[in-house]
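Working notes, beginning with the structure itself.
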Amino acid sequence: MRWAMRGGPNETPIEMWQDAIERVIREERLALVRRVMVLAETESTQDAALRASADGVSSLVVADRQTGGRGRLGRQWVQGEAPDEGQKQKAARGLGVAATFALVKRDVPPARLSIAAGLAACRACEVAVGTGQGVRLGLRWPNDVVERDGGQRKLAGVLVETKVETALVGIGINVRHDAEDFPAVLGGRAASTSMLGSAATRLDVLIELVRQFDRALGMDPDSLAAEWSRRDILVGSRRTFEHAGHRYEGTVQGVQPTSHIDLVTEDGRRVQLPALTTSLVHEG
């Protein structure tokens, strides 16, 4: 597959994305979704996907630009905008992948959906960056895709929300950003596949994400957990977590991604923190 560099002539116009995604789903017999919608702009792909699947059809909604993206536990997802790239006016286009899978009546626990989505995002980034780039990626619980070394800059994140019989799995991946495209508050904490040497376009990464999420959800629970754990970066490190209004600092002894985190605190206590309602406190 030939991948285009940022802003190059081979960047596929968004008007062609829907046909390209549907063709891959059809030809590779992917069973994850039956409907694909690609929007020029939306406030939140989570909300748009919920509306799209209201008739009971599992759907994928992708936005070129998302203006009010949500993150886990109420945080905001910053997608960014494209710079001038030699044009007179700044193009109001996104630089990353903003996608939500609305899965109707899928009997999969939210915690399993979360780690499957995180694994899929990580695999998509791994394919984009390639094994020859000298970059190692990992998963920072629960589902952040980060560099393993250095500052562990974040490339992707996941948000899972449940609405009656529909699970909304939102995935955001930084693809074409340069360092200056991120807000100052994220300085040194965010990266993109392009910054790690990838020539993959947003459509390339999106299609690979659809493939990998379909495969991850088809894995048995033990295999899924094992693949996730192989990419885990927290075990053995000193971290701070927040749960129910309290902070816990210590050394991570183990991560059971669908259930809990094992932590040994400063005073030697062993604490198990529930996965779904605990957050990692980021330093700096």
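The way I read the labels, and the way they are meant: chains A, B, ... in the order of the structure tokens, residue 1 as the first residue of every chain, and ligand 1 as the first ligand shown, with later ones counted on from there.
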
Give me, as a Markdown table, the closest atom pair and its distance (Å, one decimal) for every residue of range 235-275 of chain A within a cut-off of 12 Å of range 198-222 of chain A, counting only C-alpha atoms, rows sorted by chain and rising number.
```
| residue | atom | partner | partner_atom | distance |
| --- | --- | --- | --- | --- |
| A:Gln256 | CA | A:Asp222 | CA | 11.1 |
| A:Pro257 | CA | A:Pro221 | CA | 10.9 |
| A:Thr258 | CA | A:Pro221 | CA | 9.6 |
```

Which residues are close to Ala52 in chain A, i.e. within 12 Å by only C-alpha atoms, leaving aside same-chain residues fewer than 5 positions away? Reply as a PyMOL selection string. chain A and resi 33-39+45-47+57-62+100-104+166+168

Restricted to C-alpha atoms, what would the selected residues look like written as a JSON list (two decimals), in the first residue's frame?
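Result file out-v4.json:
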```json
[["chain", "number", "residue", "atom", "x", "y", "z"],
["A", 33, "VAL", "CA", -21.00, -2.49, 11.53],
["A", 34, "ARG", "CA", -23.54, -2.45, 8.72],
["A", 35, "ARG", "CA", -23.70, 1.29, 8.06],
["A", 36, "VAL", "CA", -21.00, 3.92, 7.53],
["A", 37, "MET", "CA", -21.51, 7.68, 7.73],
["A", 38, "VAL", "CA", -18.79, 10.24, 7.06],
["A", 39, "LEU", "CA", -19.49, 13.81, 8.16],
["A", 45, "THR", "CA", -19.24, 11.55, 16.85],
["A", 46, "GLN", "CA", -20.69, 9.84, 19.96],
["A", 47, "ASP", "CA", -23.93, 11.79, 19.65],
["A", 57, "VAL", "CA", -28.49, -0.88, 12.78],
["A", 58, "SER", "CA", -24.91, -0.93, 14.09],
["A", 59, "SER", "CA", -23.14, 2.05, 12.54],
["A", 60, "LEU", "CA", -19.77, 3.73, 12.18],
["A", 61, "VAL", "CA", -19.71, 7.52, 12.19],
["A", 62, "VAL", "CA", -16.56, 9.36, 11.18],
["A", 100, "THR", "CA", -17.49, 6.19, 16.88],
["A", 101, "PHE", "CA", -18.74, 2.64, 16.52],
["A", 102, "ALA", "CA", -22.40, 2.37, 17.61],
["A", 103, "LEU", "CA", -22.84, -1.32, 18.38],
["A", 104, "VAL", "CA", -26.48, -2.32, 18.82],
["A", 166, "THR", "CA", -26.34, 0.55, 22.17],
["A", 168, "LEU", "CA", -20.87, 3.79, 21.76]]
```

If you count only C-alpha atoms, the residue of A:Val264, A:Val158, A:Ala184, A:Val235 closest to Ala121 in chain A turns out to be A:Val158

For Thr193 in chain A, find every residue with an atom within 12 Å (counting only C-alpha atoms), except residues of its own chain fewer than 3 positions away, and show them as a ChimeraX atom specification. /A:5-6,95-97,121-122,124-130,133,135-137,145-147,153-156,173-179,190,196-202,204-205

I'd like to know which of A:Leu139, A:Thr162, A:Ala31, A:Gly172 is closest to Gln66 in chain A, using only C-alpha atoms.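 Using only C-alpha atoms, Gln66 in chain A sits closest to A:Gly172.
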
Would you mind writing down, as a ChimeraX atom specification, each residue of range 43-248 of chain A that DSSP on the backbone assigns to helix (DSSP H, G or I)? /A:45-52,72-74,110-129,131-133,179-181,184-186,202-217,221-230

Using CA of Leu224 in chain A and CA of Glu249 in chain A as the two end points, give the distance in Å to one decimal. 28.0 Å

Residues within 12 Å of Pro142 in chain A, only C-alpha atoms, excluding chain neighbours under 3 positions, as a PyMOL selection string: chain A and resi 72-73+110-119+138-139+145-146+156-160+225+228-229+231-234+241+255-261+274-280

Interatomic distance between CA of Gly250 in chain A and CA of Leu263 in chain A?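 About the pair CA of Gly250 in chain A and CA of Leu263 in chain A: they are 6.1 Å apart.
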
Would you please give, as number ranges by chain, all residues of range 90-172 of chain A that DSSP assigns to strand (DSSP E) based on the backbone? A: 96-104, 137-140, 144-147, 154-163, 166-172

Write the residues you've just listed into a file as a short mmCIF file (atom, residue, chain, number, x, y, z; two decimals), in the first residue's frame, and include C-alpha atoms for each of them.
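As a result, again_9.cif now contains:
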```
data_model
loop_
_atom_site.label_atom_id
_atom_site.label_comp_id
_atom_site.auth_asym_id
_atom_site.auth_seq_id
_atom_site.Cartn_x
_atom_site.Cartn_y
_atom_site.Cartn_z
CA GLY A 96 -6.69 12.97 13.18
CA VAL A 97 -9.20 10.16 13.14
CA ALA A 98 -12.43 10.80 15.05
CA ALA A 99 -14.69 7.74 14.86
CA THR A 100 -17.49 6.19 16.88
CA PHE A 101 -18.74 2.64 16.52
CA ALA A 102 -22.40 2.37 17.61
CA LEU A 103 -22.84 -1.32 18.38
CA VAL A 104 -26.48 -2.32 18.82
CA LEU A 137 4.16 1.72 21.22
CA GLY A 138 2.24 0.53 24.25
CA LEU A 139 -1.03 0.80 26.15
CA ARG A 140 -1.38 2.97 29.22
CA ASP A 144 -4.38 5.20 25.84
CA VAL A 145 -1.94 4.42 23.03
CA VAL A 146 1.44 5.92 23.94
CA GLU A 147 5.12 5.72 23.18
CA LYS A 154 -0.19 9.90 23.75
CA LEU A 155 -1.29 9.01 20.21
CA ALA A 156 -4.83 7.72 20.75
CA GLY A 157 -7.62 7.32 23.28
CA VAL A 158 -10.97 5.59 23.70
CA LEU A 159 -14.34 6.50 25.19
CA VAL A 160 -17.03 3.85 25.84
CA GLU A 161 -20.57 4.94 26.68
CA THR A 162 -23.64 2.72 27.03
CA LYS A 163 -27.06 4.00 25.94
CA THR A 166 -26.34 0.55 22.17
CA ALA A 167 -22.66 0.70 23.08
CA LEU A 168 -20.87 3.79 21.76
CA VAL A 169 -17.15 3.20 21.29
CA GLY A 170 -15.38 6.42 20.37
CA ILE A 171 -11.77 6.26 19.20
CA GLY A 172 -9.54 9.24 18.47
#
```

Quote the spacing between CA of His243 in chain A and CA of Val281 in chain A in Å to one decimal place.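 These two atoms are separated by 10.2 Å.
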
Out of A:Arg106, A:Arg65, A:Arg230, A:Arg269, which residue has the shortest atom-to-atom distance to Tyr248 in chain A when counting only C-alpha atoms?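 Distance minimum relative to Tyr248 in chain A lands on A:Arg269.
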